[in-house]
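One structure below.
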Amino acid sequence: MQAFISIAERGSFRAAASHLNLSQTALSHRVRKLEESLGTPLFLRTTRQVSLTAAGTTLLPRARRIFEDLGSALDEVRVDVRAGEEQVSLGCLPTIAVHCMPAVIAAFAGRHPGVGVRIHDNSASEIADKVQSGEAEFGVTIVAANRWDLELKPVVKEPFVLVSHRSMPLAHATSLTWAQLQGEPLVRVSAETGNRILIDDALGARREALTWRYEVQRVVTAVGLVRSRIGYAIVPQLALDVVDAVDLVAIPLRSPAVSRTLGIITRKTVPLRPVTRDLLSLLSQALKRSVSPRRDE
């Protein structure tokens, strides 16, 4: 097709062959194959000039459009590739995004000043969806049932704690059992979240003995209600670190001690770019530094 366009535009096999860096024999062979596949000649050849047949006249504008569209498509791919090389995309739980990512991105920017970072701070299921679709190159999320095409690597265990306002009765306890929370007004997060599922599974039937007076969608909202002194909340340890916690305290819980395992998810068949691996390494190190060892019974 390229040979056909070049001959039609230059009116000469010799000029077209020179433009395409082909021999005239090779060029003629290509045109002949095209004409055979169409079942009709495309050029009228004389000793002095080459002109288009009716079929060639019909084909030429359409062939040009095909090559224009192809050129545009290739340009778009090049732009996308360059943009991808200049940006790393990841999925991240909101508490981790607020607590760890500012320092991590600052360190990353020092190493890769020309590379941007796009953070999808979503729920655990949404993070898995974005990694699975390729919208995020990797995700930092709760380790749970994994999907067949994703690889999950645990990084750190983060305990759940009871958050209390300093003026409330339980604020001075060094640790608490879940039985000691009976009768106390508690705030819990929605059943749609991974945190709620972990707590419910760990407590089993015992959760029904607790007074879950308030329910919210986000951990940060739960901490906000505690600040108003209307109740206590059970949240991951990092949740208290992402708010102004001067008037709040975190109390370890036992019998049972409940924690969530945070890990990295990636696509099994897609290797990470070196720049992405560097960001992942910085984030993994930050997670390990941020979460104190779990207090077992």
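Naming works like this for the structure tokens: A, B, ... for the chains as they're shown, residue 1 at the start of each chain, ligands 1 onward in shown order.
All residues of protein, DNA or RNA that reach within 8 Å of Ala222 (chain A), judged by only C-alpha atoms and not counting those fewer than 6 positions away in the chain, are Val187, Arg188, Val189, Glu215, Val216 and Ala233 of chain A.
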Go ahead and write the residues just picked, C-alpha atoms, as a PDB file, in the first residue's frame.
ATOM      1  CA  VAL A 187     -18.177   3.574  66.637  1.00  0.00           C
ATOM      2  CA  ARG A 188     -17.596   1.083  63.830  1.00  0.00           C
ATOM      3  CA  VAL A 189     -16.973   1.352  60.137  1.00  0.00           C
ATOM      4  CA  GLU A 215     -21.554   3.454  62.080  1.00  0.00           C
ATOM      5  CA  VAL A 216     -19.529   5.406  59.517  1.00  0.00           C
ATOM      6  CA  ALA A 233     -13.648   3.645  68.040  1.00  0.00           C
TER       7      ALA A 233
END
* Can you tell me, as a ChimeraX atom specification, what residues are no more than 10 Å from region 95-102 of chain A when counting only C-alpha atoms, ignoring any on the same chain fewer than 6 positions away? -> /A:108,119-122,140-141,218-220,236-243,262,282-287,289-290
* Asked: Hey, what does DSSP flag as strand (DSSP E or B) within region 108-158 of chain A? Can you give it to me as a VMD selection string?
  -> chain A and resid 116 to 121 138 to 142 150 to 158
Serialized selection, N, CA and C atoms, as a PDB file, in the first residue's frame:
ATOM      1  N   GLY A 116       6.577  11.828  37.976  1.00  0.00           N
ATOM      2  CA  GLY A 116       5.420  12.122  38.803  1.00  0.00           C
ATOM      3  C   GLY A 116       4.857  10.865  39.448  1.00  0.00           C
ATOM      4  N   VAL A 117       3.999  11.047  40.428  1.00  0.00           N
ATOM      5  CA  VAL A 117       3.363   9.927  41.133  1.00  0.00           C
ATOM      6  C   VAL A 117       1.863  10.168  41.178  1.00  0.00           C
ATOM      7  N   ARG A 118       1.108   9.169  40.783  1.00  0.00           N
ATOM      8  CA  ARG A 118      -0.361   9.242  40.857  1.00  0.00           C
ATOM      9  C   ARG A 118      -0.839   8.229  41.892  1.00  0.00           C
ATOM     10  N   ILE A 119      -1.548   8.721  42.909  1.00  0.00           N
ATOM     11  CA  ILE A 119      -2.013   7.872  44.007  1.00  0.00           C
ATOM     12  C   ILE A 119      -3.519   7.687  43.918  1.00  0.00           C
ATOM     13  N   HIS A 120      -3.958   6.433  43.875  1.00  0.00           N
ATOM     14  CA  HIS A 120      -5.384   6.103  43.956  1.00  0.00           C
ATOM     15  C   HIS A 120      -5.659   5.682  45.408  1.00  0.00           C
ATOM     16  N   ASP A 121      -6.090   6.615  46.256  1.00  0.00           N
ATOM     17  CA  ASP A 121      -6.355   6.282  47.659  1.00  0.00           C
ATOM     18  C   ASP A 121      -7.784   5.777  47.781  1.00  0.00           C
ATOM     19  N   PHE A 138       1.002  -1.043  41.085  1.00  0.00           N
ATOM     20  CA  PHE A 138       0.974  -1.896  42.270  1.00  0.00           C
ATOM     21  C   PHE A 138       0.046  -1.267  43.293  1.00  0.00           C
ATOM     22  N   GLY A 139      -0.284  -2.021  44.335  1.00  0.00           N
ATOM     23  CA  GLY A 139      -1.171  -1.502  45.361  1.00  0.00           C
ATOM     24  C   GLY A 139      -0.672  -1.862  46.744  1.00  0.00           C
ATOM     25  N   VAL A 140      -0.976  -1.009  47.729  1.00  0.00           N
ATOM     26  CA  VAL A 140      -0.689  -1.283  49.138  1.00  0.00           C
ATOM     27  C   VAL A 140      -2.036  -1.435  49.825  1.00  0.00           C
ATOM     28  N   THR A 141      -2.305  -2.628  50.336  1.00  0.00           N
ATOM     29  CA  THR A 141      -3.658  -2.913  50.783  1.00  0.00           C
ATOM     30  C   THR A 141      -3.663  -3.973  51.872  1.00  0.00           C
ATOM     31  N   ILE A 142      -4.854  -4.318  52.348  1.00  0.00           N
ATOM     32  CA  ILE A 142      -5.013  -5.370  53.346  1.00  0.00           C
ATOM     33  C   ILE A 142      -4.842  -6.729  52.676  1.00  0.00           C
ATOM     34  N   LEU A 150      -3.194 -11.853  40.482  1.00  0.00           N
ATOM     35  CA  LEU A 150      -2.454 -10.888  41.271  1.00  0.00           C
ATOM     36  C   LEU A 150      -1.523 -11.606  42.235  1.00  0.00           C
ATOM     37  N   GLU A 151      -0.368 -11.024  42.461  1.00  0.00           N
ATOM     38  CA  GLU A 151       0.593 -11.563  43.422  1.00  0.00           C
ATOM     39  C   GLU A 151       0.601 -10.677  44.650  1.00  0.00           C
ATOM     40  N   LEU A 152       0.542 -11.283  45.823  1.00  0.00           N
ATOM     41  CA  LEU A 152       0.443 -10.531  47.063  1.00  0.00           C
ATOM     42  C   LEU A 152       1.623 -10.869  47.965  1.00  0.00           C
ATOM     43  N   LYS A 153       2.309  -9.846  48.450  1.00  0.00           N
ATOM     44  CA  LYS A 153       3.463 -10.023  49.325  1.00  0.00           C
ATOM     45  C   LYS A 153       3.221  -9.273  50.634  1.00  0.00           C
ATOM     46  N   PRO A 154       3.029  -9.997  51.762  1.00  0.00           N
ATOM     47  CA  PRO A 154       2.842  -9.314  53.053  1.00  0.00           C
ATOM     48  C   PRO A 154       4.071  -8.498  53.436  1.00  0.00           C
ATOM     49  N   VAL A 155       3.834  -7.346  54.078  1.00  0.00           N
ATOM     50  CA  VAL A 155       4.935  -6.472  54.477  1.00  0.00           C
ATOM     51  C   VAL A 155       4.983  -6.288  55.985  1.00  0.00           C
ATOM     52  N   VAL A 156       3.830  -5.974  56.614  1.00  0.00           N
ATOM     53  CA  VAL A 156       3.844  -5.654  58.039  1.00  0.00           C
ATOM     54  C   VAL A 156       2.466  -5.914  58.646  1.00  0.00           C
ATOM     55  N   LYS A 157       2.449  -6.220  59.947  1.00  0.00           N
ATOM     56  CA  LYS A 157       1.197  -6.352  60.678  1.00  0.00           C
ATOM     57  C   LYS A 157       0.934  -5.067  61.456  1.00  0.00           C
ATOM     58  N   GLU A 158      -0.302  -4.595  61.339  1.00  0.00           N
ATOM     59  CA  GLU A 158      -0.702  -3.365  62.026  1.00  0.00           C
ATOM     60  C   GLU A 158      -1.835  -3.680  63.005  1.00  0.00           C
TER      61      GLU A 158
END
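Considering only C-alpha atoms, the residue among A:Val275, A:Val291, A:Val223, A:Ile264 positioned nearest to Glu86 (chain A) is A:Val275.
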* Do you know which residues are at most 9 Å from region 28-30 of chain A counting only C-alpha atoms, after dropping those on the same chain fewer than 4 positions away, and could you put them as JSON, numbers by chain? -> {"A": [1, 3, 4, 13, 17, 23, 24, 34, 35]}
* **Test item: residues at most 12 Å from region 172-177 of chain A, only C-alpha atoms, excluding those fewer than 2 positions along its chain, as a ChimeraX atom specification** => /A:160-170,179-182,203,206,210,234,248-258,295-297
How about saving the chosen residues, N, CA, C and O atoms kept, as a short mmCIF file (atom, residue, chain, number, x, y, z; two decimals), in the first residue's frame?
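New file again_21.cif:
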data_model
loop_
_atom_site.label_atom_id
_atom_site.label_comp_id
_atom_site.auth_asym_id
_atom_site.auth_seq_id
_atom_site.Cartn_x
_atom_site.Cartn_y
_atom_site.Cartn_z
N PHE A 160 -5.04 -3.29 65.59
CA PHE A 160 -6.19 -2.43 65.83
C PHE A 160 -6.13 -1.95 67.28
O PHE A 160 -5.75 -2.71 68.18
N VAL A 161 -6.51 -0.70 67.50
CA VAL A 161 -6.47 -0.11 68.84
C VAL A 161 -7.80 0.56 69.14
O VAL A 161 -8.57 0.89 68.23
N LEU A 162 -8.03 0.78 70.41
CA LEU A 162 -9.20 1.56 70.83
C LEU A 162 -8.78 3.02 70.92
O LEU A 162 -7.80 3.36 71.59
N VAL A 163 -9.50 3.89 70.23
CA VAL A 163 -9.22 5.33 70.29
C VAL A 163 -10.20 5.97 71.27
O VAL A 163 -11.41 5.75 71.18
N SER A 164 -9.64 6.75 72.19
CA SER A 164 -10.46 7.42 73.21
C SER A 164 -10.04 8.88 73.33
O SER A 164 -8.87 9.22 73.14
N HIS A 165 -10.99 9.72 73.67
CA HIS A 165 -10.65 11.09 74.05
C HIS A 165 -10.00 11.04 75.43
O HIS A 165 -10.37 10.21 76.28
N ARG A 166 -9.05 11.91 75.67
CA ARG A 166 -8.32 11.87 76.94
C ARG A 166 -9.21 12.10 78.17
O ARG A 166 -8.86 11.71 79.28
N SER A 167 -10.36 12.70 77.96
CA SER A 167 -11.24 13.00 79.09
C SER A 167 -12.23 11.86 79.39
O SER A 167 -12.96 11.94 80.37
N MET A 168 -12.23 10.80 78.58
CA MET A 168 -13.21 9.73 78.74
C MET A 168 -12.69 8.67 79.72
O MET A 168 -11.46 8.54 79.92
N PRO A 169 -13.57 7.90 80.34
CA PRO A 169 -13.19 6.98 81.42
C PRO A 169 -12.12 5.95 81.06
O PRO A 169 -11.27 5.62 81.90
N LEU A 170 -12.12 5.41 79.85
CA LEU A 170 -11.17 4.36 79.50
C LEU A 170 -9.80 4.89 79.06
O LEU A 170 -8.89 4.10 78.80
N ALA A 179 -13.95 -7.71 76.38
CA ALA A 179 -15.02 -7.85 77.36
C ALA A 179 -15.20 -6.58 78.17
O ALA A 179 -16.32 -6.23 78.58
N GLN A 180 -14.10 -5.84 78.39
CA GLN A 180 -14.19 -4.59 79.15
C GLN A 180 -14.88 -3.47 78.37
O GLN A 180 -15.21 -2.43 78.94
N LEU A 181 -15.12 -3.70 77.07
CA LEU A 181 -15.78 -2.69 76.25
C LEU A 181 -17.30 -2.85 76.26
O LEU A 181 -18.01 -2.01 75.71
N GLN A 182 -17.80 -3.92 76.87
CA GLN A 182 -19.24 -4.14 76.88
C GLN A 182 -19.95 -2.99 77.61
O GLN A 182 -19.53 -2.57 78.69
N LEU A 203 -13.72 -11.45 66.23
CA LEU A 203 -14.58 -11.49 67.42
C LEU A 203 -15.62 -12.59 67.37
O LEU A 203 -16.06 -13.10 68.40
N ARG A 206 -18.91 -12.80 69.73
CA ARG A 206 -18.70 -11.82 70.81
C ARG A 206 -19.01 -10.40 70.38
O ARG A 206 -19.26 -9.53 71.21
N LEU A 210 -21.33 -6.26 72.12
CA LEU A 210 -20.84 -4.89 72.20
C LEU A 210 -21.89 -3.90 71.72
O LEU A 210 -22.77 -4.24 70.92
N ILE A 234 -12.69 1.57 67.30
CA ILE A 234 -11.63 0.60 67.08
C ILE A 234 -11.12 0.79 65.66
O ILE A 234 -11.87 0.61 64.69
N LEU A 248 -6.36 12.81 71.87
CA LEU A 248 -6.78 11.42 71.75
C LEU A 248 -5.67 10.48 72.20
O LEU A 248 -4.48 10.82 72.15
N VAL A 249 -6.06 9.28 72.61
CA VAL A 249 -5.08 8.26 72.97
C VAL A 249 -5.46 6.94 72.30
O VAL A 249 -6.65 6.69 72.02
N ALA A 250 -4.46 6.09 72.05
CA ALA A 250 -4.68 4.77 71.48
C ALA A 250 -4.36 3.72 72.54
O ALA A 250 -3.28 3.74 73.12
N ILE A 251 -5.29 2.82 72.77
CA ILE A 251 -5.14 1.81 73.82
C ILE A 251 -5.10 0.42 73.18
O ILE A 251 -6.01 0.06 72.42
N PRO A 252 -4.05 -0.36 73.44
CA PRO A 252 -3.97 -1.71 72.87
C PRO A 252 -5.13 -2.59 73.32
O PRO A 252 -5.61 -2.48 74.46
N LEU A 253 -5.58 -3.46 72.44
CA LEU A 253 -6.67 -4.38 72.73
C LEU A 253 -6.15 -5.81 72.79
O LEU A 253 -5.27 -6.20 72.02
N ARG A 254 -6.72 -6.62 73.66
CA ARG A 254 -6.31 -8.02 73.79
C ARG A 254 -7.52 -8.91 74.05
O ARG A 254 -8.62 -8.42 74.29
N SER A 255 -7.27 -10.19 73.96
CA SER A 255 -8.33 -11.21 74.19
C SER A 255 -9.54 -11.03 73.28
O SER A 255 -10.67 -10.89 73.75
N PRO A 256 -9.36 -11.05 71.95
CA PRO A 256 -8.10 -11.29 71.23
C PRO A 256 -7.44 -9.97 70.79
O PRO A 256 -8.10 -8.95 70.68
N ALA A 257 -6.13 -10.06 70.53
CA ALA A 257 -5.44 -8.96 69.86
C ALA A 257 -5.71 -9.10 68.37
O ALA A 257 -5.50 -10.17 67.80
N VAL A 258 -6.23 -8.05 67.77
CA VAL A 258 -6.63 -8.10 66.35
C VAL A 258 -5.69 -7.20 65.54
O VAL A 258 -5.39 -6.09 65.97
N ARG A 295 1.38 -5.96 70.06
CA ARG A 295 1.40 -6.40 71.45
C ARG A 295 0.53 -7.63 71.59
O ARG A 295 -0.69 -7.56 71.51
N ASP A 296 1.14 -8.76 71.76
CA ASP A 296 0.38 -9.99 71.94
C ASP A 296 -0.02 -10.14 73.41
O ASP A 296 0.52 -9.48 74.30
N GLU A 297 -0.90 -11.06 73.63
CA GLU A 297 -1.36 -11.29 75.00
C GLU A 297 -0.22 -11.85 75.85
O GLU A 297 0.61 -12.59 75.35
#
* Exercise: Arg273 (chain A) partners within 12 Å, only C-alpha atoms, chain neighbours under 6 positions left out, as a VMD selection string -> chain A and resid 84 to 89 137 to 138 266 279 to 280
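The interatomic distance for the pair CA of Val246 (chain A) and CA of Ala191 (chain A) works out to 29.0 Å.
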